[in-house]
$ cat coords16.pdb   # PDB, C-alpha atoms
ATOM      1  CA  MET A 151      25.923 -23.053  57.523
ATOM      2  CA  PRO A 152      22.231 -23.889  57.611
ATOM      3  CA  SER A 153      21.138 -27.491  57.485
ATOM      4  CA  PHE A 154      17.761 -29.062  57.036
ATOM      5  CA  PRO A 155      16.204 -29.827  60.395
ATOM      6  CA  PRO A 156      15.360 -33.417  61.257
ATOM      7  CA  GLY A 157      11.893 -34.466  62.299
ATOM      8  CA  PRO A 158       8.811 -32.604  63.494
ATOM      9  CA  PRO A 159       9.851 -31.076  66.872
ATOM     10  CA  SER A 160      12.436 -28.737  65.358
ATOM     11  CA  THR A 161      10.825 -28.335  61.930
ATOM     12  CA  PRO A 162      10.476 -24.630  61.146
ATOM     13  CA  PRO A 163       7.097 -23.216  60.178
ATOM     14  CA  GLY A 164       6.202 -23.148  56.527
ATOM     15  CA  PRO A 165       6.420 -25.562  53.617
ATOM     16  CA  GLN A 166       9.597 -27.624  53.597
ATOM     17  CA  SER A 167      10.447 -26.635  50.025
ATOM     18  CA  VAL A 168      10.299 -22.950  50.972
ATOM     19  CA  GLU A 169      12.510 -23.568  54.000
ATOM     20  CA  ARG A 170      15.004 -25.438  51.834
ATOM     21  CA  ALA A 171      15.037 -22.733  49.153
ATOM     22  CA  LEU A 172      15.684 -20.103  51.833
ATOM     23  CA  ALA A 173      18.467 -22.272  53.264
ATOM     24  CA  VAL A 174      20.062 -22.349  49.795
ATOM     25  CA  LEU A 175      19.831 -18.545  49.569
ATOM     26  CA  ASP A 176      21.319 -18.148  53.048
ATOM     27  CA  ALA A 177      24.189 -20.526  52.289
ATOM     28  CA  VAL A 178      25.050 -18.727  49.048
ATOM     29  CA  ALA A 179      24.730 -15.287  50.674
ATOM     30  CA  ASP A 180      26.960 -16.296  53.598
ATOM     31  CA  ALA A 181      29.702 -17.715  51.370
ATOM     32  CA  ASP A 182      32.763 -15.668  50.422
ATOM     33  CA  ARG A 183      32.693 -16.918  46.832
ATOM     34  CA  PRO A 184      30.388 -18.846  44.474
ATOM     35  CA  VAL A 185      29.266 -22.169  45.922
ATOM     36  CA  PRO A 186      29.330 -25.334  43.767
ATOM     37  CA  ALA A 187      26.191 -27.487  43.776
ATOM     38  CA  LYS A 188      27.993 -30.403  45.454
ATOM     39  CA  ALA A 189      29.197 -28.129  48.250
ATOM     40  CA  LEU A 190      25.648 -26.790  48.743
ATOM     41  CA  ALA A 191      24.336 -30.353  48.990
ATOM     42  CA  ARG A 192      26.947 -31.186  51.647
ATOM     43  CA  MET A 193      26.375 -27.954  53.584
ATOM     44  CA  LEU A 194      22.605 -28.397  53.588
ATOM     45  CA  GLY A 195      22.586 -32.135  54.114
ATOM     46  CA  CYS A 196      20.524 -32.924  51.037
ATOM     47  CA  ALA A 197      20.851 -34.718  47.725
ATOM     48  CA  LEU A 198      22.504 -33.031  44.761
ATOM     49  CA  SER A 199      19.255 -33.416  42.801
ATOM     50  CA  THR A 200      17.470 -31.433  45.536
ATOM     51  CA  VAL A 201      19.948 -28.577  45.127
ATOM     52  CA  TYR A 202      19.270 -28.493  41.378
ATOM     53  CA  HIS A 203      15.513 -28.681  41.997
ATOM     54  CA  LEU A 204      15.648 -25.739  44.434
ATOM     55  CA  THR A 205      18.071 -23.542  42.507
ATOM     56  CA  GLY A 206      16.114 -23.662  39.225
ATOM     57  CA  PRO A 207      13.292 -21.340  40.351
ATOM     58  CA  LEU A 208      15.753 -19.132  42.270
ATOM     59  CA  ILE A 209      17.773 -18.633  39.092
ATOM     60  CA  ALA A 210      14.630 -18.065  37.011
ATOM     61  CA  ARG A 211      13.525 -15.278  39.387
ATOM     62  CA  GLY A 212      16.993 -13.690  39.499
ATOM     63  CA  HIS A 213      17.748 -14.482  43.147
ATOM     64  CA  LEU A 214      20.723 -16.649  42.141
ATOM     65  CA  VAL A 215      23.041 -16.939  39.163
ATOM     66  CA  ARG A 216      25.054 -19.953  38.151
ATOM     67  CA  THR A 217      28.660 -19.179  37.315
ATOM     68  CA  PRO A 218      31.424 -21.592  36.242
ATOM     69  CA  GLU A 219      32.556 -21.617  39.911
ATOM     70  CA  GLY A 220      29.092 -22.230  41.400
ATOM     71  CA  TYR A 221      26.051 -20.316  42.593
ATOM     72  CA  ALA A 222      26.199 -16.642  43.551
ATOM     73  CA  PRO A 223      23.615 -13.991  44.512
ATOM     74  CA  GLY A 224      21.635 -12.857  41.463
ATOM     75  CA  PRO A 225      20.577  -9.517  39.999
ATOM     76  CA  ARG A 226      17.337  -9.422  42.003
ATOM     77  CA  VAL A 227      19.221  -9.105  45.318
ATOM     78  CA  PRO A 228      19.971  -5.344  45.070
ATOM     79  CA  ALA A 229      16.303  -4.619  44.326
ATOM     80  CA  LEU A 230      15.302  -6.584  47.429
ATOM     81  CA  HIS A 231      17.780  -4.575  49.479
ATOM     82  CA  ARG A 232      16.400  -1.291  48.125
ATOM     83  CA  ALA A 233      12.860  -2.460  48.931
ATOM     84  CA  TYR A 234      13.973  -3.332  52.463
ATOM     85  CA  GLN A 235      15.457   0.138  52.901
ATOM     86  CA  ARG A 236      12.336   1.787  51.479
ATOM     87  CA  HIS A 237       9.940  -0.185  53.668
ATOM     88  CA  HIS A 238      11.930   0.539  56.815
ATOM     89  CA  GLY A 239      12.658   4.178  56.085
ATOM     90  CA  LEU A 240      16.407   3.604  55.717
ATOM     91  CA  GLY A 241      16.963   5.188  52.325
ATOM     92  CA  GLY A 242      15.493   7.592  49.849
ATOM     93  CA  GLY A 243      15.157  11.342  50.073
ATOM     94  CA  GLY A 244      17.289  13.496  52.286
ATOM     95  CA  ALA A 245      20.265  12.230  54.197
ATOM     96  CA  GLY A 246      20.401   8.455  54.307
ATOM     97  CA  ILE A 247      21.802   6.432  57.180
ATOM     98  CA  GLY A 248      25.127   5.957  55.368
ATOM     99  CA  GLU A 249      25.507   9.681  54.800
ATOM    100  CA  LEU A 250      24.635  10.477  58.414
ATOM    101  CA  LEU A 251      27.101   7.891  59.695
ATOM    102  CA  GLY A 252      29.808   9.443  57.528
ATOM    103  CA  VAL A 253      29.106  12.900  58.971
ATOM    104  CA  LEU A 254      29.106  11.495  62.508
ATOM    105  CA  ARG A 255      32.377   9.632  61.874
ATOM    106  CA  ARG A 256      34.107  12.728  60.459
ATOM    107  CA  THR A 257      32.745  14.999  63.198
ATOM    108  CA  SER A 258      33.564  12.734  66.129
ATOM    109  CA  GLY A 259      36.753  11.192  64.784
ATOM    110  CA  ALA A 260      35.453   7.783  65.836
ATOM    111  CA  GLU A 261      33.723   4.910  64.078
ATOM    112  CA  ALA A 262      29.922   5.055  63.936
ATOM    113  CA  TYR A 263      27.561   2.126  63.505
ATOM    114  CA  PHE A 264      23.847   1.751  62.836
ATOM    115  CA  THR A 265      21.951  -1.086  64.479
ATOM    116  CA  ALA A 266      18.243  -1.797  64.215
ATOM    117  CA  TYR A 267      16.267  -3.703  66.845
ATOM    118  CA  ARG A 268      13.059  -5.202  65.483
ATOM    119  CA  ASP A 269      10.885  -8.016  66.764
ATOM    120  CA  GLY A 270      13.435  -8.989  69.396
ATOM    121  CA  ARG A 271      16.259  -9.270  66.861
ATOM    122  CA  ILE A 272      19.214  -6.997  66.215
TER     123      ILE A 272
END

$ encode --input "coords16.pdb" --output "structure tokens"
Amino acid sequence: MPSFPPGPPSTPPGPQSVERALAVLDAVADADRPVPAKALARMLGCALSTVYHLTGPLIARGHLVRTPEGYAPGPRVPALHRAYQRHHGLGGGGAGIGELLGVLRRTSGAEAYFTAYRDGRI
């Protein structure tokens, strides 16, 4: 799980509060189930009050929801995914990647995967 970096040499670019909010989103997204605030604080190495401070705006914007079990991805997440697909030409009109992979899988009788390489990252 992500943790807040110590000191200047390994500090990521950008405002610390933005980095911490993104670390909260990553931790919740990577979890198999809703994540309680105390668990987020432990995973991220921060105070419980910091978790509440960071999750407030994320909930207000729909990026997270708070359930009785903890925090989970919010209703804004699917729209972000659709925007990602639209911006990178992965969805929309005609045959989408998922449909093409299904055709390839049925035709070849083998599994088919889609991988994108962008900016040195897979």

$ residues_around --input "coords16.pdb" --residues "A:Val201" --least-positions-apart "6" --cutoff "8 Å" --atoms "only C-alpha atoms" --output "list in words"
Val174, Ala187, Leu190 and Ala191 of chain A

$ atom_distance --input "coords16.pdb" --atom1 "atom CA of A:Pro223" --atom2 "atom CA of A:Cys196"
20.3 Å

$ residues_around --input "coords16.pdb" --residues "A:Gly224" --least-positions-apart "5" --cutoff "8 Å" --atoms "all atoms listed in the file" --output "list in words"
Ile209, Gly212, His213, Leu214 and Val215 of chain A

$ closest_residue --input "coords16.pdb" --among "A:Ala260, A:Leu204, A:Val253, A:Val185" --to "A:Thr217" --atoms "all atoms listed in the file"
A:Val185

$ resolve_selection --input "coords16.pdb" --expression "the PyMOL selection byres ((chain A and resi 181) around 12)" --output "list in words"
Met151, Pro152, Val174, Leu175, Asp176, Ala177, Val178, Ala179, Asp180, Asp182, Arg183, Pro184, Val185, Pro186, Ala189, Leu190, Met193, Gly220, Tyr221, Ala222 and Pro223 of chain A

$ atom_distance --input "coords16.pdb" --atom1 "atom CA of A:Ser167" --atom2 "atom CA of A:Arg192"
17.2 Å

$ atom_distance --input "coords16.pdb" --atom1 "atom CA of A:His238" --atom2 "atom CA of A:Pro165"
26.9 Å

$ closest_residue --input "coords16.pdb" --among "A:Leu240, A:Pro228, A:Phe264, A:Gly206" --to "A:Gly252" --atoms "all atoms listed in the file"
A:Phe264

$ resolve_selection --input "coords16.pdb" --expression "the PyMOL selection byres ((chain A and resi 263) around 12)" --output "list in words"
Ile247, Gly248, Glu249, Leu250, Leu251, Gly252, Val253, Leu254, Arg255, Ala260, Glu261, Ala262, Phe264, Thr265 and Ala266 of chain A

$ closest_residue --input "coords16.pdb" --among "A:Arg232, A:Lys188, A:Leu194, A:Thr205" --to "A:Glu219" --atoms "all atoms listed in the file"
A:Lys188
